[in-house]
Structures are given as structure tokens and as C-alpha cells.
Amino acid sequence: MYIILAVLIGVAIVVATILNGKLSQKIGVVNDVMINYFMASIVSILLCFITREHMLSIEILIATPVYYFLGGFIGLGTIFLLNITVPKIPAVYIVIVPFIGQILTSAVIDYFYLDIFSKGKIIGGCLFLVGLLYNARVDKKYKEDMA
């Protein structure tokens, strides 16, 4: 069940990223980010009203470390950068490049927060990177041959 949900999340991320990139081409990057977060705020507020037992309290907000709220700023920056990048590179790279960053970042986080060093994540991330570089070279050669 959770595997299926994870696959659906992956599909949703790719579709949302491409749609946001296309929208940013029409209305501008900053306007797209503002609309994106405005829509997310509306949906979040609706979800709060629908699931009343999960409403956020002031006590929980105050007790939460401030740095936990950086996720919103990081998300905003991510959408901003993706909106700039999406129109310029193929969709497969939009998926693979952030994935490589996620693998390597998760390995660093695991090391510093859980004291776990994952050779597998490092090797896997590097293999993805090598494959991506090889594919980019093949794509470039193919374009040159077609010209």
C-alpha cells in the first residue's frame, strides 16, 4: 500500500514540477511561486477544518524549534529554482538531478544525525551521476549528428 502511495507521490511531483515550470513561463517565476504557495495555503486551511483533531495549537507552535520551519523557505526556493530550470532541460533530467542530490544529502544527514555512514547511498548517487553524465554526452552527440 505504501509503495503504491510512494509511486503516486513520485508521479505527482514530476507532473507538478512540469506544470509549475510551464506556468512560470506564462506568468513569470515569482508570480508562479506566489500562486503555488497561495493555493497550498488554501488547501492547508481546508484540511485543518476537515481534520479538526489535527488542528495546530499555539502551545505546539511555541514548543517547536524555529529551524523546523525552514522547510517552507527551502520549499519556496526549490519551486523557484525548478521554475527557472524546467523550461531549459529535459524532463528526465528534472527528475534525475534532484534525485542524485536527495540521495547524497540523505547520506550526509544520516551520517551527522544518526551516525550511520552509507557506502551504498554514496556509490548509488555516484553511479546515477555517472549515468546522467554519460546520457548527457550521448544526447549532445546525437543532436550534433542530427544537425
# chains A, B, ... in the order shown; residues from 1 in each chain; ligands from 1
$ residues_around --residues "A:Ile79" --least-positions-apart "3" --cutoff "10 Å" --atoms "only C-alpha atoms" --output "list in words"
Ala16, Thr17, Asn20, Gly21, Val29, Val30, Asp32, Val33, Asn36, Tyr37, Phe73, Ile74, Gly75, Leu76, Leu82, Asn83, Ile84 and Thr85 of chain A
$ write_last_selection --atoms "all heavy atoms" --output "CSV table (one decimal), in the first residue's frame"
chain,number,residue,atom,x,y,z
A,16,ALA,N,3.6,18.0,-11.2
A,16,ALA,CA,3.5,19.3,-10.6
A,16,ALA,C,4.7,20.2,-11.0
A,16,ALA,O,4.6,21.4,-11.3
A,16,ALA,CB,3.4,19.2,-9.1
A,17,THR,N,5.9,19.6,-11.0
A,17,THR,CA,7.1,20.3,-11.4
A,17,THR,C,7.0,20.8,-12.9
A,17,THR,O,7.3,22.0,-13.1
A,17,THR,CB,8.3,19.4,-11.3
A,17,THR,OG1,8.4,19.0,-9.9
A,17,THR,CG2,9.6,20.2,-11.7
A,20,ASN,N,4.2,23.6,-13.0
A,20,ASN,CA,4.8,24.8,-12.5
A,20,ASN,C,5.7,25.5,-13.4
A,20,ASN,O,5.7,26.7,-13.6
A,20,ASN,CB,5.4,24.6,-11.1
A,20,ASN,CG,4.4,24.5,-10.0
A,20,ASN,OD1,3.3,25.0,-10.1
A,20,ASN,ND2,4.7,23.7,-9.0
A,21,GLY,N,6.6,24.7,-14.0
A,21,GLY,CA,7.6,25.2,-15.0
A,21,GLY,C,6.9,25.9,-16.2
A,21,GLY,O,7.3,27.0,-16.6
A,29,VAL,N,8.3,33.6,-13.0
A,29,VAL,CA,8.7,32.7,-11.9
A,29,VAL,C,8.2,33.1,-10.6
A,29,VAL,O,7.6,32.3,-9.8
A,29,VAL,CB,10.3,32.6,-11.9
A,29,VAL,CG1,10.7,31.8,-10.7
A,29,VAL,CG2,10.8,32.0,-13.2
A,30,VAL,N,8.3,34.4,-10.2
A,30,VAL,CA,7.9,34.9,-8.9
A,30,VAL,C,6.4,34.8,-8.8
A,30,VAL,O,5.9,34.3,-7.7
A,30,VAL,CB,8.4,36.3,-8.7
A,30,VAL,CG1,7.8,36.9,-7.4
A,30,VAL,CG2,9.9,36.4,-8.6
A,32,ASP,N,4.4,32.7,-10.3
A,32,ASP,CA,4.1,31.3,-10.2
A,32,ASP,C,4.3,30.8,-8.7
A,32,ASP,O,3.5,30.1,-8.2
A,32,ASP,CB,4.9,30.4,-11.1
A,32,ASP,CG,4.7,28.9,-10.9
A,32,ASP,OD1,3.6,28.5,-11.3
A,32,ASP,OD2,5.5,28.2,-10.4
A,33,VAL,N,5.4,31.2,-8.1
A,33,VAL,CA,5.7,30.8,-6.7
A,33,VAL,C,4.6,31.3,-5.8
A,33,VAL,O,4.2,30.6,-4.9
A,33,VAL,CB,7.1,31.2,-6.3
A,33,VAL,CG1,7.3,31.0,-4.8
A,33,VAL,CG2,8.2,30.5,-7.1
A,36,ASN,N,1.5,29.3,-6.3
A,36,ASN,CA,1.7,28.0,-5.8
A,36,ASN,C,1.5,28.0,-4.3
A,36,ASN,O,0.8,27.1,-3.8
A,36,ASN,CB,3.1,27.5,-6.2
A,36,ASN,CG,3.3,26.1,-6.0
A,36,ASN,OD1,3.0,25.5,-4.9
A,36,ASN,ND2,3.8,25.4,-7.0
A,37,TYR,N,2.1,28.9,-3.6
A,37,TYR,CA,2.0,28.9,-2.1
A,37,TYR,C,0.6,29.4,-1.7
A,37,TYR,O,0.1,29.0,-0.6
A,37,TYR,CB,3.1,29.7,-1.5
A,37,TYR,CG,4.3,28.8,-1.2
A,37,TYR,CD1,5.2,28.4,-2.2
A,37,TYR,CD2,4.6,28.4,0.1
A,37,TYR,CE1,6.2,27.5,-2.0
A,37,TYR,CE2,5.6,27.5,0.3
A,37,TYR,CZ,6.4,27.1,-0.7
A,37,TYR,OH,7.4,26.2,-0.4
A,73,PHE,N,10.7,27.7,3.7
A,73,PHE,CA,11.6,28.6,2.9
A,73,PHE,C,12.4,27.7,1.8
A,73,PHE,O,12.6,28.2,0.7
A,73,PHE,CB,12.5,29.3,3.8
A,73,PHE,CG,11.9,30.3,4.6
A,73,PHE,CD1,11.7,30.1,6.0
A,73,PHE,CD2,11.4,31.5,4.0
A,73,PHE,CE1,11.1,31.1,6.8
A,73,PHE,CE2,10.7,32.5,4.8
A,73,PHE,CZ,10.6,32.3,6.2
A,74,ILE,N,12.8,26.6,2.3
A,74,ILE,CA,13.5,25.7,1.4
A,74,ILE,C,12.6,25.2,0.2
A,74,ILE,O,13.0,25.2,-0.9
A,74,ILE,CB,14.1,24.5,2.1
A,74,ILE,CG1,15.2,25.0,3.1
A,74,ILE,CG2,14.7,23.4,1.1
A,74,ILE,CD1,15.7,23.9,4.0
A,75,GLY,N,11.4,24.9,0.6
A,75,GLY,CA,10.4,24.5,-0.5
A,75,GLY,C,10.1,25.6,-1.5
A,75,GLY,O,10.1,25.4,-2.7
A,76,LEU,N,10.0,26.9,-0.9
A,76,LEU,CA,9.8,28.0,-1.8
A,76,LEU,C,11.0,28.2,-2.7
A,76,LEU,O,10.8,28.4,-3.9
A,76,LEU,CB,9.6,29.3,-0.9
A,76,LEU,CG,9.3,30.5,-1.7
A,76,LEU,CD1,8.1,31.2,-1.0
A,76,LEU,CD2,10.4,31.5,-1.8
A,82,LEU,N,13.3,25.4,-9.6
A,82,LEU,CA,12.8,24.4,-10.6
A,82,LEU,C,12.1,25.2,-11.7
A,82,LEU,O,12.1,24.8,-12.9
A,82,LEU,CB,11.8,23.4,-9.9
A,82,LEU,CG,12.5,22.3,-9.2
A,82,LEU,CD1,11.5,21.5,-8.4
A,82,LEU,CD2,13.2,21.3,-10.1
A,83,ASN,N,11.3,26.2,-11.4
A,83,ASN,CA,10.6,27.0,-12.4
A,83,ASN,C,11.6,27.6,-13.4
A,83,ASN,O,11.3,27.8,-14.5
A,83,ASN,CB,9.8,28.1,-11.8
A,83,ASN,CG,8.5,27.5,-11.1
A,83,ASN,OD1,8.1,26.4,-11.4
A,83,ASN,ND2,7.9,28.3,-10.3
A,84,ILE,N,12.8,28.0,-12.9
A,84,ILE,CA,13.8,28.5,-13.8
A,84,ILE,C,14.4,27.4,-14.7
A,84,ILE,O,14.7,27.6,-15.8
A,84,ILE,CB,14.9,29.2,-13.0
A,84,ILE,CG1,14.4,30.5,-12.3
A,84,ILE,CG2,16.1,29.6,-13.9
A,84,ILE,CD1,15.3,31.1,-11.3
A,85,THR,N,14.6,26.2,-14.1
A,85,THR,CA,15.3,25.1,-14.7
A,85,THR,C,14.4,24.3,-15.7
A,85,THR,O,14.9,23.9,-16.7
A,85,THR,CB,15.8,24.1,-13.6
A,85,THR,OG1,16.5,24.9,-12.6
A,85,THR,CG2,16.8,23.1,-14.2
$ residues_around --residues "A:Phe99" --least-positions-apart "5" --cutoff "10 Å" --atoms "only C-alpha atoms" --output "number ranges by chain"
A: 93-94, 104-105, 125, 128-129
$ write_last_selection --atoms "N, CA and C atoms" --output "compact mmCIF listing (two decimals), in the first residue's frame"
# COMPACT_ATOMS: atom_id res chain seq x y z
N TYR A 93 15.94 14.81 -16.86
CA TYR A 93 16.98 15.41 -16.03
C TYR A 93 16.38 16.13 -14.83
N ILE A 94 15.18 16.69 -15.01
CA ILE A 94 14.49 17.35 -13.89
C ILE A 94 14.22 16.34 -12.78
N LEU A 104 22.51 11.89 -2.07
CA LEU A 104 23.75 12.32 -1.42
C LEU A 104 23.47 13.12 -0.15
N THR A 105 22.45 13.97 -0.17
CA THR A 105 22.09 14.74 1.02
C THR A 105 21.59 13.82 2.13
N GLY A 125 24.48 7.13 -5.57
CA GLY A 125 24.40 8.51 -6.05
C GLY A 125 25.45 8.79 -7.12
N PHE A 128 24.46 7.03 -10.37
CA PHE A 128 23.43 7.84 -11.05
C PHE A 128 24.07 9.02 -11.75
N LEU A 129 25.00 9.69 -11.07
CA LEU A 129 25.66 10.85 -11.63
C LEU A 129 26.47 10.48 -12.88
$ atom_distance --atom1 "atom CA of A:Ile122" --atom2 "atom CA of A:Ile3"
23.1 Å
$ residues_around --residues "A:Ala107" --least-positions-apart "3" --cutoff "9 Å" --atoms "only C-alpha atoms" --output "VMD selection string"
chain A and resid 102 to 104 110 to 112 116 to 119 121 to 122
$ write_last_selection --atoms "C-alpha atoms" --output "PDB file, in the first residue's frame"
ATOM      1  CA  GLN A 102      18.471  13.755  -2.466  1.00  0.00           C
ATOM      2  CA  ILE A 103      20.500  10.548  -2.253  1.00  0.00           C
ATOM      3  CA  LEU A 104      23.752  12.323  -1.422  1.00  0.00           C
ATOM      4  CA  ASP A 110      22.258  10.023   8.118  1.00  0.00           C
ATOM      5  CA  TYR A 111      25.943  10.432   8.943  1.00  0.00           C
ATOM      6  CA  PHE A 112      25.568  13.576  11.072  1.00  0.00           C
ATOM      7  CA  ILE A 116      25.348   6.000  10.010  1.00  0.00           C
ATOM      8  CA  PHE A 117      27.664   6.058   7.013  1.00  0.00           C
ATOM      9  CA  SER A 118      26.021   4.543   3.959  1.00  0.00           C
ATOM     10  CA  LYS A 119      28.508   3.475   1.308  1.00  0.00           C
ATOM     11  CA  LYS A 121      23.938   5.634  -0.929  1.00  0.00           C
ATOM     12  CA  ILE A 122      27.203   7.304  -1.885  1.00  0.00           C
TER      13      ILE A 122
END
$ atom_distance --atom1 "atom CA of A:Ile100" --atom2 "atom CA of A:Val66"
28.0 Å
$ select_by_dssp --residues "chain A" --states "alpha helix (DSSP H)" --output "PyMOL selection string"
chain A and resi 2-27+29-50+58-63+70-85+91-114+119-146
$ residues_around --residues "A:Pro90" --least-positions-apart "3" --cutoff "12 Å" --atoms "only C-alpha atoms" --output "list in words"
Val14, Ile18, Gly21, Thr85, Val86, Pro87, Tyr93, Ile94, Val95, Ile96, Val97, Leu132, Asn135, Ala136 and Asp139 of chain A
$ decode --residues "stretch 75-91 of chain A" --atoms "all heavy atoms" --output "PDB file, in the first residue's frame"
ATOM      1  N   GLY A  75      11.350  24.903   0.558  1.00  0.00           N
ATOM      2  CA  GLY A  75      10.372  24.523  -0.468  1.00  0.00           C
ATOM      3  C   GLY A  75      10.121  25.644  -1.456  1.00  0.00           C
ATOM      4  O   GLY A  75      10.059  25.432  -2.670  1.00  0.00           O
ATOM      5  N   LEU A  76      10.006  26.856  -0.939  1.00  0.00           N
ATOM      6  CA  LEU A  76       9.809  28.018  -1.797  1.00  0.00           C
ATOM      7  C   LEU A  76      11.001  28.195  -2.737  1.00  0.00           C
ATOM      8  O   LEU A  76      10.832  28.401  -3.939  1.00  0.00           O
ATOM      9  CB  LEU A  76       9.630  29.271  -0.935  1.00  0.00           C
ATOM     10  CG  LEU A  76       9.258  30.531  -1.690  1.00  0.00           C
ATOM     11  CD1 LEU A  76       8.104  31.214  -0.987  1.00  0.00           C
ATOM     12  CD2 LEU A  76      10.433  31.453  -1.796  1.00  0.00           C
ATOM     13  N   GLY A  77      12.192  28.089  -2.201  1.00  0.00           N
ATOM     14  CA  GLY A  77      13.396  28.205  -3.024  1.00  0.00           C
ATOM     15  C   GLY A  77      13.486  27.098  -4.065  1.00  0.00           C
ATOM     16  O   GLY A  77      13.900  27.332  -5.205  1.00  0.00           O
ATOM     17  N   THR A  78      13.068  25.898  -3.684  1.00  0.00           N
ATOM     18  CA  THR A  78      13.085  24.767  -4.603  1.00  0.00           C
ATOM     19  C   THR A  78      12.148  25.013  -5.770  1.00  0.00           C
ATOM     20  O   THR A  78      12.521  24.801  -6.939  1.00  0.00           O
ATOM     21  CB  THR A  78      12.688  23.470  -3.864  1.00  0.00           C
ATOM     22  OG1 THR A  78      13.602  23.250  -2.787  1.00  0.00           O
ATOM     23  CG2 THR A  78      12.695  22.278  -4.795  1.00  0.00           C
ATOM     24  N   ILE A  79      10.938  25.456  -5.485  1.00  0.00           N
ATOM     25  CA  ILE A  79       9.982  25.735  -6.558  1.00  0.00           C
ATOM     26  C   ILE A  79      10.508  26.846  -7.455  1.00  0.00           C
ATOM     27  O   ILE A  79      10.436  26.760  -8.687  1.00  0.00           O
ATOM     28  CB  ILE A  79       8.600  26.094  -5.979  1.00  0.00           C
ATOM     29  CG1 ILE A  79       7.973  24.849  -5.351  1.00  0.00           C
ATOM     30  CG2 ILE A  79       7.677  26.657  -7.060  1.00  0.00           C
ATOM     31  CD1 ILE A  79       6.714  25.121  -4.583  1.00  0.00           C
ATOM     32  N   PHE A  80      11.074  27.872  -6.845  1.00  0.00           N
ATOM     33  CA  PHE A  80      11.634  28.987  -7.617  1.00  0.00           C
ATOM     34  C   PHE A  80      12.712  28.479  -8.579  1.00  0.00           C
ATOM     35  O   PHE A  80      12.692  28.779  -9.774  1.00  0.00           O
ATOM     36  CB  PHE A  80      12.206  30.039  -6.660  1.00  0.00           C
ATOM     37  CG  PHE A  80      12.770  31.250  -7.340  1.00  0.00           C
ATOM     38  CD1 PHE A  80      11.926  32.282  -7.746  1.00  0.00           C
ATOM     39  CD2 PHE A  80      14.125  31.362  -7.575  1.00  0.00           C
ATOM     40  CE1 PHE A  80      12.446  33.401  -8.385  1.00  0.00           C
ATOM     41  CE2 PHE A  80      14.645  32.474  -8.203  1.00  0.00           C
ATOM     42  CZ  PHE A  80      13.806  33.501  -8.614  1.00  0.00           C
ATOM     43  N   LEU A  81      13.653  27.689  -8.067  1.00  0.00           N
ATOM     44  CA  LEU A  81      14.745  27.188  -8.906  1.00  0.00           C
ATOM     45  C   LEU A  81      14.262  26.191  -9.955  1.00  0.00           C
ATOM     46  O   LEU A  81      14.751  26.193 -11.093  1.00  0.00           O
ATOM     47  CB  LEU A  81      15.834  26.562  -8.033  1.00  0.00           C
ATOM     48  CG  LEU A  81      16.585  27.540  -7.126  1.00  0.00           C
ATOM     49  CD1 LEU A  81      17.533  26.790  -6.197  1.00  0.00           C
ATOM     50  CD2 LEU A  81      17.333  28.572  -7.946  1.00  0.00           C
ATOM     51  N   LEU A  82      13.312  25.350  -9.589  1.00  0.00           N
ATOM     52  CA  LEU A  82      12.763  24.414 -10.576  1.00  0.00           C
ATOM     53  C   LEU A  82      12.052  25.163 -11.699  1.00  0.00           C
ATOM     54  O   LEU A  82      12.145  24.776 -12.869  1.00  0.00           O
ATOM     55  CB  LEU A  82      11.814  23.413  -9.912  1.00  0.00           C
ATOM     56  CG  LEU A  82      12.486  22.264  -9.170  1.00  0.00           C
ATOM     57  CD1 LEU A  82      11.468  21.477  -8.357  1.00  0.00           C
ATOM     58  CD2 LEU A  82      13.214  21.341 -10.135  1.00  0.00           C
ATOM     59  N   ASN A  83      11.340  26.240 -11.357  1.00  0.00           N
ATOM     60  CA  ASN A  83      10.638  27.005 -12.387  1.00  0.00           C
ATOM     61  C   ASN A  83      11.604  27.646 -13.370  1.00  0.00           C
ATOM     62  O   ASN A  83      11.274  27.843 -14.534  1.00  0.00           O
ATOM     63  CB  ASN A  83       9.756  28.079 -11.756  1.00  0.00           C
ATOM     64  CG  ASN A  83       8.520  27.495 -11.123  1.00  0.00           C
ATOM     65  OD1 ASN A  83       8.150  26.358 -11.384  1.00  0.00           O
ATOM     66  ND2 ASN A  83       7.878  28.266 -10.273  1.00  0.00           N
ATOM     67  N   ILE A  84      12.796  27.961 -12.912  1.00  0.00           N
ATOM     68  CA  ILE A  84      13.814  28.506 -13.810  1.00  0.00           C
ATOM     69  C   ILE A  84      14.414  27.380 -14.660  1.00  0.00           C
ATOM     70  O   ILE A  84      14.681  27.552 -15.848  1.00  0.00           O
ATOM     71  CB  ILE A  84      14.921  29.212 -12.999  1.00  0.00           C
ATOM     72  CG1 ILE A  84      14.354  30.470 -12.330  1.00  0.00           C
ATOM     73  CG2 ILE A  84      16.116  29.555 -13.878  1.00  0.00           C
ATOM     74  CD1 ILE A  84      15.288  31.100 -11.319  1.00  0.00           C
ATOM     75  N   THR A  85      14.594  26.212 -14.056  1.00  0.00           N
ATOM     76  CA  THR A  85      15.291  25.104 -14.696  1.00  0.00           C
ATOM     77  C   THR A  85      14.417  24.305 -15.664  1.00  0.00           C
ATOM     78  O   THR A  85      14.889  23.896 -16.726  1.00  0.00           O
ATOM     79  CB  THR A  85      15.839  24.147 -13.617  1.00  0.00           C
ATOM     80  OG1 THR A  85      16.528  24.905 -12.628  1.00  0.00           O
ATOM     81  CG2 THR A  85      16.785  23.140 -14.208  1.00  0.00           C
ATOM     82  N   VAL A  86      13.166  24.065 -15.312  1.00  0.00           N
ATOM     83  CA  VAL A  86      12.292  23.179 -16.084  1.00  0.00           C
ATOM     84  C   VAL A  86      12.243  23.511 -17.575  1.00  0.00           C
ATOM     85  O   VAL A  86      12.376  22.610 -18.406  1.00  0.00           O
ATOM     86  CB  VAL A  86      10.862  23.137 -15.480  1.00  0.00           C
ATOM     87  CG1 VAL A  86       9.856  22.537 -16.439  1.00  0.00           C
ATOM     88  CG2 VAL A  86      10.875  22.338 -14.187  1.00  0.00           C
ATOM     89  N   PRO A  87      12.068  24.773 -17.964  1.00  0.00           N
ATOM     90  CA  PRO A  87      11.986  25.040 -19.404  1.00  0.00           C
ATOM     91  C   PRO A  87      13.304  24.824 -20.155  1.00  0.00           C
ATOM     92  O   PRO A  87      13.320  24.772 -21.372  1.00  0.00           O
ATOM     93  CB  PRO A  87      11.596  26.522 -19.470  1.00  0.00           C
ATOM     94  CG  PRO A  87      11.091  26.876 -18.123  1.00  0.00           C
ATOM     95  CD  PRO A  87      11.773  25.967 -17.170  1.00  0.00           C
ATOM     96  N   LYS A  88      14.403  24.680 -19.423  1.00  0.00           N
ATOM     97  CA  LYS A  88      15.709  24.654 -20.067  1.00  0.00           C
ATOM     98  C   LYS A  88      16.322  23.258 -20.232  1.00  0.00           C
ATOM     99  O   LYS A  88      17.241  23.089 -21.024  1.00  0.00           O
ATOM    100  CB  LYS A  88      16.666  25.548 -19.297  1.00  0.00           C
ATOM    101  CG  LYS A  88      16.137  26.979 -19.223  1.00  0.00           C
ATOM    102  CD  LYS A  88      17.183  27.966 -18.934  1.00  0.00           C
ATOM    103  CE  LYS A  88      16.757  29.383 -18.828  1.00  0.00           C
ATOM    104  NZ  LYS A  88      15.467  29.818 -19.174  1.00  0.00           N
ATOM    105  N   ILE A  89      15.835  22.276 -19.482  1.00  0.00           N
ATOM    106  CA  ILE A  89      16.410  20.931 -19.589  1.00  0.00           C
ATOM    107  C   ILE A  89      15.292  19.898 -19.714  1.00  0.00           C
ATOM    108  O   ILE A  89      14.160  20.135 -19.280  1.00  0.00           O
ATOM    109  CB  ILE A  89      17.347  20.600 -18.399  1.00  0.00           C
ATOM    110  CG1 ILE A  89      16.597  20.557 -17.075  1.00  0.00           C
ATOM    111  CG2 ILE A  89      18.507  21.565 -18.320  1.00  0.00           C
ATOM    112  CD1 ILE A  89      17.480  20.120 -15.904  1.00  0.00           C
ATOM    113  N   PRO A  90      15.613  18.724 -20.299  1.00  0.00           N
ATOM    114  CA  PRO A  90      14.589  17.679 -20.478  1.00  0.00           C
ATOM    115  C   PRO A  90      14.011  17.191 -19.144  1.00  0.00           C
ATOM    116  O   PRO A  90      14.681  17.226 -18.108  1.00  0.00           O
ATOM    117  CB  PRO A  90      15.356  16.550 -21.175  1.00  0.00           C
ATOM    118  CG  PRO A  90      16.541  17.210 -21.804  1.00  0.00           C
ATOM    119  CD  PRO A  90      16.890  18.364 -20.905  1.00  0.00           C
ATOM    120  N   ALA A  91      12.775  16.714 -19.201  1.00  0.00           N
ATOM    121  CA  ALA A  91      12.064  16.259 -18.003  1.00  0.00           C
ATOM    122  C   ALA A  91      12.819  15.153 -17.269  1.00  0.00           C
ATOM    123  O   ALA A  91      12.819  15.123 -16.048  1.00  0.00           O
ATOM    124  CB  ALA A  91      10.658  15.786 -18.371  1.00  0.00           C
TER     125      ALA A  91
END
